[in-house]
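Quick look at coords-v4.txt (compact mmCIF, C-alpha atoms):
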# COMPACT_ATOMS: atom_id res chain seq x y z
CA MET A 1 33.20 10.86 27.12
CA ALA A 2 31.33 14.12 27.73
CA GLN A 3 34.01 16.04 25.81
CA ALA A 4 33.78 13.63 22.88
CA LEU A 5 30.00 14.05 22.77
CA GLU A 6 30.30 17.83 23.05
CA SER A 7 32.74 17.90 20.11
CA PHE A 8 29.92 16.40 17.99
CA VAL A 9 27.48 19.03 19.19
CA ASP A 10 29.67 22.15 19.40
CA ALA A 11 29.91 22.35 15.60
CA ALA A 12 26.34 23.69 15.73
CA ALA A 13 26.26 27.48 15.93
CA THR A 14 23.13 28.38 17.91
CA PRO A 15 21.72 26.74 21.07
CA ALA A 16 18.63 25.66 19.08
CA GLU A 17 20.87 23.88 16.54
CA ARG A 18 22.78 22.27 19.41
CA VAL A 19 19.50 20.90 20.80
CA VAL A 20 18.66 19.36 17.40
CA THR A 21 22.13 17.74 17.07
CA THR A 22 22.10 16.43 20.65
CA ARG A 23 18.60 15.02 20.15
CA THR A 24 19.73 13.25 16.94
CA LEU A 25 22.69 11.78 18.83
CA TYR A 26 20.46 10.70 21.73
CA GLU A 27 17.90 9.08 19.41
CA THR A 28 20.67 7.31 17.48
CA LEU A 29 22.16 5.84 20.66
CA ALA A 30 18.73 4.87 22.02
CA ARG A 31 17.73 3.22 18.72
CA GLY A 32 21.03 1.38 18.52
CA LEU A 33 20.70 -0.04 22.01
CA SER A 34 17.03 -0.99 21.66
CA GLY A 35 17.71 -2.57 18.24
CA LEU A 36 20.39 -4.77 19.83
CA GLY A 37 17.91 -5.70 22.57
CA LEU A 38 15.28 -6.74 19.99
CA MET A 39 17.86 -8.86 18.17
CA ALA A 40 18.71 -10.58 21.45
CA ILE A 41 15.04 -11.62 21.76
CA TRP A 42 15.17 -13.13 18.24
CA GLY A 43 18.40 -14.95 19.15
CA LEU A 44 16.80 -16.32 22.32
CA MET A 45 13.86 -17.68 20.31
CA ALA A 46 16.04 -19.03 17.46
CA GLY A 47 17.97 -21.24 19.88
CA ALA A 48 15.02 -22.02 22.16
CA ALA A 49 15.27 -25.79 21.50
CA ALA A 50 18.63 -25.92 23.34
CA PRO A 51 18.70 -23.72 26.51
CA ARG A 52 22.50 -23.16 26.43
CA LEU A 53 22.36 -22.15 22.77
CA ALA A 54 19.43 -19.81 23.48
CA LEU A 55 21.36 -18.07 26.28
CA ALA A 56 24.50 -17.79 24.14
CA ASN A 57 22.41 -16.31 21.30
CA VAL A 58 21.34 -13.44 23.58
CA TYR A 59 24.80 -11.93 23.08
CA LYS A 60 25.86 -13.67 19.84
CA VAL A 61 23.16 -12.23 17.53
CA PRO A 62 23.51 -8.57 18.67
CA MET A 63 27.30 -9.03 18.66
CA VAL A 64 27.34 -10.09 14.99
CA VAL A 65 25.22 -7.11 13.93
CA ALA A 66 27.03 -4.55 16.12
CA LEU A 67 30.48 -5.70 15.00
CA SER A 68 29.36 -5.75 11.34
CA LEU A 69 28.31 -2.11 11.68
CA LEU A 70 31.57 -1.28 13.43
CA VAL A 71 33.60 -2.98 10.67
CA ALA A 72 31.60 -1.25 7.90
CA LEU A 73 31.62 2.23 9.46
CA PRO A 74 35.15 3.30 8.39
CA SER A 75 34.52 2.38 4.75
CA VAL A 76 31.21 4.29 4.79
CA LEU A 77 32.86 7.38 6.28
CA VAL A 78 35.75 7.16 3.80
CA ALA A 79 33.20 6.85 0.95
CA ARG A 80 31.46 9.97 2.31
CA HIS A 81 34.79 11.82 2.27
CA LEU A 82 35.74 10.65 -1.24
CA LEU A 83 32.30 11.49 -2.63
CA ARG A 84 32.68 14.98 -1.07
CA LEU A 85 29.30 14.70 0.61
CA ARG A 86 28.50 17.68 2.82
CA THR A 87 26.23 15.61 5.03
CA ALA A 88 27.45 15.37 8.64
CA PRO A 89 28.88 11.95 9.65
CA LEU A 90 26.34 11.85 12.50
CA GLU A 91 23.46 11.97 10.01
CA ILE A 92 24.92 9.04 8.03
CA VAL A 93 25.51 7.02 11.21
CA SER A 94 21.97 7.90 12.31
CA ALA A 95 20.57 6.61 8.97
CA LEU A 96 22.56 3.36 9.34
CA VAL A 97 21.37 2.82 12.93
CA ALA A 98 17.75 3.64 11.99
CA SER A 99 17.82 1.00 9.23
CA VAL A 100 19.30 -1.60 11.61
CA TYR A 101 16.60 -0.72 14.16
CA ARG A 102 13.87 -1.28 11.55
CA ALA A 103 15.42 -4.60 10.55
CA SER A 104 15.43 -5.62 14.21
CA LEU A 105 11.68 -4.87 14.34
CA VAL A 106 11.20 -7.45 11.53
CA LEU A 107 13.17 -9.96 13.64
CA LEU A 108 11.02 -9.14 16.68
CA GLY A 109 7.88 -9.78 14.61
CA PHE A 110 9.11 -13.26 13.72
CA ALA A 111 10.52 -14.12 17.16
CA PRO A 112 7.35 -15.65 18.74
CA LEU A 113 6.71 -17.79 15.62
CA ILE A 114 10.30 -19.02 15.61
CA GLY A 115 9.96 -19.78 19.34
CA VAL A 116 6.89 -21.94 18.68
CA TYR A 117 8.60 -23.76 15.81
CA ALA A 118 11.79 -24.28 17.84
CA TYR A 119 9.80 -26.43 20.28
CA THR A 120 7.58 -28.19 17.74
CA SER A 121 9.64 -28.70 14.57
CA GLN A 122 13.38 -29.30 14.62
CA SER A 123 13.76 -29.22 10.81
CA ILE A 124 11.55 -26.22 9.88
CA ALA A 125 12.61 -23.91 12.76
CA PRO A 126 16.16 -23.24 11.43
CA LEU A 127 14.77 -22.62 7.92
CA LEU A 128 12.21 -20.18 9.30
CA ALA A 129 14.90 -18.44 11.34
CA GLN A 130 17.12 -18.08 8.25
CA ALA A 131 14.21 -16.81 6.14
CA SER A 132 13.31 -14.20 8.78
CA ALA A 133 16.96 -13.09 9.06
CA LEU A 134 17.21 -12.70 5.27
CA LEU A 135 13.93 -10.78 5.20
CA ALA A 136 15.23 -8.49 7.96
CA LEU A 137 18.46 -7.94 6.01
CA LEU A 138 16.46 -7.11 2.88
CA TYR A 139 14.17 -4.75 4.76
CA GLY A 140 17.20 -3.17 6.42
CA GLY A 141 18.55 -2.40 2.92
CA VAL A 142 15.23 -0.83 1.87
CA ALA A 143 15.11 1.18 5.12
CA LEU A 144 18.69 2.40 4.55
CA ARG A 145 17.71 3.60 1.08
CA THR A 146 14.70 5.48 2.54
CA GLU A 147 16.79 7.01 5.34
CA LEU A 148 19.57 8.10 2.97
CA ALA A 149 17.02 9.60 0.54
CA ARG A 150 16.04 12.05 3.31
CA LEU A 151 19.54 13.54 3.38
CA VAL A 152 20.31 16.65 1.36
CA ALA A 153 22.79 15.47 -1.31
CA PRO A 154 22.83 14.43 -4.99
CA ARG A 155 20.93 11.18 -5.45
CA TRP A 156 23.70 9.23 -7.24
CA GLN A 157 26.11 9.98 -4.37
CA LEU A 158 23.62 8.69 -1.83
CA TRP A 159 23.04 5.56 -3.95
CA LEU A 160 26.77 4.93 -4.05
CA LEU A 161 27.11 5.52 -0.30
CA GLY A 162 24.18 3.15 0.35
CA GLY A 163 25.79 0.55 -1.93
CA VAL A 164 29.11 0.77 -0.07
CA ALA A 165 27.30 0.46 3.27
CA GLY A 166 25.15 -2.48 2.11
CA VAL A 167 28.05 -4.45 0.59
CA THR A 168 30.46 -3.93 3.52
CA ILE A 169 27.85 -4.71 6.19
CA THR A 170 26.76 -7.90 4.35
CA LEU A 171 30.36 -9.09 3.78
CA ALA A 172 31.31 -8.42 7.41
CA MET A 173 28.14 -10.09 8.69
CA LEU A 174 28.76 -13.27 6.64
CA GLN A 175 32.17 -13.82 8.24
CA LEU A 176 31.12 -12.81 11.75
CA VAL A 177 28.21 -15.27 11.59
CA SER A 178 30.73 -18.04 10.89
CA LEU A 179 32.68 -16.97 13.99
CA ALA A 180 29.52 -16.98 16.14
CA THR A 181 28.30 -20.35 14.78
CA PRO A 182 26.34 -22.27 16.09
CA VAL A 183 23.39 -19.87 16.31
CA LEU A 184 20.72 -22.34 15.13
CA THR A 185 20.23 -25.99 16.08
CA LEU A 186 21.10 -27.30 12.58
CA PRO A 187 24.21 -26.41 10.53
CA THR A 188 23.50 -23.86 7.77
CA ALA A 189 25.33 -22.51 4.71
CA PHE A 190 25.91 -19.25 6.58
CA GLY A 191 27.85 -21.10 9.27
CA SER A 192 30.71 -21.61 6.80
CA GLY A 193 31.04 -17.94 5.96
CA ILE A 194 31.23 -16.59 2.41
CA GLU A 195 32.64 -19.89 1.03
CA GLY A 196 29.58 -21.78 2.30
CA VAL A 197 27.20 -19.29 0.67
CA LEU A 198 29.05 -19.23 -2.68
CA ARG A 199 29.36 -23.04 -2.83
CA MET B 1 36.42 -22.99 4.29
CA ASN B 2 35.03 -20.90 7.16
CA ALA B 3 36.86 -18.65 9.63
CA LEU B 4 37.38 -21.47 12.11
CA ASP B 5 38.66 -23.90 9.43
CA LEU B 6 41.02 -21.21 8.23
CA LEU B 7 42.40 -20.72 11.74
CA GLN B 8 42.79 -24.48 12.10
CA ALA B 9 44.55 -24.69 8.71
CA VAL B 10 47.26 -22.31 9.91
CA GLY B 11 47.74 -24.43 13.02
CA ALA B 12 45.54 -22.59 15.52
CA THR B 13 44.52 -24.63 18.54
CA GLY B 14 41.07 -24.83 20.13
CA ALA B 15 42.23 -22.32 22.73
CA GLN B 16 43.14 -19.82 20.00
CA LEU B 17 39.73 -20.22 18.41
CA HIS B 18 38.24 -19.62 21.82
CA THR B 19 40.42 -16.50 22.13
CA ALA B 20 39.13 -15.18 18.78
CA ARG B 21 35.57 -15.53 20.03
CA CYS B 22 36.47 -13.96 23.38
CA VAL B 23 38.06 -10.95 21.66
CA ALA B 24 34.92 -10.44 19.56
CA GLY B 25 32.82 -10.72 22.74
CA ALA B 26 35.06 -8.27 24.62
CA ILE B 27 34.85 -5.70 21.78
CA PHE B 28 31.07 -6.10 21.74
CA LEU B 29 30.75 -5.67 25.52
CA SER B 30 32.98 -2.56 25.41
CA LEU B 31 30.83 -1.17 22.61
CA LEU B 32 27.70 -1.88 24.64
CA ALA B 33 29.17 -0.14 27.70
CA LEU B 34 30.18 2.87 25.57
CA LEU B 35 26.70 3.08 24.04
CA GLY B 36 25.08 2.95 27.49
CA LEU B 37 27.44 5.57 28.91
CA GLY B 38 26.99 7.73 25.81
CA LEU B 39 23.21 7.54 26.13
CA ARG B 40 23.37 8.71 29.77
CA LYS B 41 25.73 11.58 29.00
CA THR B 42 23.76 12.65 25.92
CA ARG B 43 20.54 12.77 27.92
CA ARG B 44 22.24 15.10 30.42
CA LEU B 45 23.69 17.20 27.58
CA LEU B 46 20.27 17.40 25.91
CA SER B 47 18.58 18.69 29.07
CA LEU B 48 21.41 21.24 29.48
CA HIS B 49 20.98 22.53 25.93
CA GLU B 50 17.20 22.65 26.28
CA ALA B 51 17.62 24.68 29.48
CA GLU B 52 20.02 26.99 27.59
CA VAL B 53 17.42 27.57 24.86
CA ALA B 54 14.69 28.23 27.45
CA LEU B 55 16.96 30.68 29.32
CA GLU B 56 17.81 32.50 26.11
CA ALA B 57 14.12 32.82 25.23
CA ASP B 58 13.37 34.15 28.74
CA PHE B 59 16.24 36.62 28.49
CA LYS B 60 15.00 37.94 25.15
CA ARG B 61 11.46 38.31 26.49
CA LEU B 62 12.70 40.24 29.53
CA GLU B 63 14.87 42.40 27.31
CA ARG B 64 11.89 43.25 25.10
CA ALA B 65 9.71 43.98 28.13
CA SER B 66 12.31 46.31 29.70
CA SER B 67 12.91 48.14 26.41
CA GLY B 68 9.12 48.57 26.09
CA LYS B 69 8.94 50.12 29.58
CA GLU B 70 11.78 52.51 28.82
CA ALA B 71 10.03 53.62 25.65

Any chance you could put this one into structure tokens?
Amino acid sequence: MAQALESFVDAAATPAERVVTTRTLYETLARGLSGLGLMAIWGLMAGAAAPRLALANVYKVPMVVALSLLVALPSVLVARHLLRLRTAPLEIVSALVASVYRASLVLLGFAPLIGVYAYTSQSIAPLLAQASALLALLYGGVALRTELARLVAPRWQLWLLGGVAGVTITLAMLQLVSLATPVLTLPTAFGSGIEGVLR
Amino acid sequence: MNALDLLQAVGATGAQLHTARCVAGAIFLSLLALLGLGLRKTRRLLSLHEAEVALEADFKRLERASSGKEA
């Protein structure tokens, strides 16, 4: 593990550059883990009406997002290679993780409200949970665009890379949600995967 | 047709569906463990590199001071 991490860092020439790369790696890992934690809180609140569902959501919701990122990562890195981007893979992964972290903050903001609705309204709570998840997904896309715009590369290439990332993450998430269903107390269109959404 | 319907359509049993979920869960838990381990190792690596930078700065300062004395 240490050797794998050092191989990321050793590409940097000077010790000062190595500190910057290691710090980026550290912040990326920390953001990734805390983002998953925040999503677990949203999952707990989304299933609060049924205790077993709420407990299962603690791992289901972060699992869906983490596996979606994992599934999308190869296509993003291949797109980077084909577009001949000189940006380091770590910087692209860092931008992806930062956007997911920001999206998880949106989910955290809605979590208490969804918790209240889960106990007081059985019909509105799932709708609110879906609306907050869609808003988080949308904000995640905007955050990814902002994060990618910071990288030093031609704009059209970054747009294309962002498009590939957005499409693959969304497609992977749709199917993984159907595998993790039920997440909410009522059946939703997302529970049937891409066919349910397109129907 | 969702993922579970699709598995059922090709004759998968409830146990196989359960296995699919378990595999996803196992991959997620491994990923979580790797992230946690990576975070710990990176923190150690970061403090090592910071110490290296500080040592280098000290060495340069001492070098300048000794060359000043010689002059």

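Applying a distance limit of 8 Å to only C-alpha atoms, the residues of chain A near chain B read Met1, Ala2, Leu5, Pro15, Ala16, Arg18, Val19, Thr22, Arg23, Leu25, Tyr26, Leu29, Ala30, Leu33, Met63, Ala66, Leu67, Gln175, Ser178, Leu179, Ala180, Gly191, Ser192, Gly193, Ile194, Glu195 and Gly196 of chain A.
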
If you measure from CA of Arg145 in chain A to CA of Gly43 in chain A, what distance in Å do you get, rounded to one decimal?
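Calculated distance between CA of Arg145 in chain A and CA of Gly43 in chain A is 25.9 Å.
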
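As for CA of Ala133 in chain A and CA of Leu171 in chain A, they are spaced 14.9 Å apart.
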
Taking all atoms listed in the file into account, name the residue in A:Ser123, A:Gln157, A:Thr28, A:Thr188 that is nearest to Leu85 in chain A.
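For Leu85 in chain A, the nearest of the candidates is A:Gln157.
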
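From CA of Leu135 in chain A back to CA of Val93 in chain A, the distance works out to 22.1 Å.
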
Within 9 Å of Val183 in chain A, counting only C-alpha atoms, which residues qualify if same-chain residues fewer than 6 places away don't, as a VMD selection string?
chain A and resid 43 46 to 47 53 to 54 56 to 57 60 to 61 177 191

With only C-alpha atoms as the counted atoms, please give the residues lying no more than 10 Å from Val152 in chain A, apart from itself and same-chain residues fewer than 4 positions off, as a list in words.
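In the requested format, the answer is Leu85, Arg86, Thr87, Leu148 and Leu158 of chain A.
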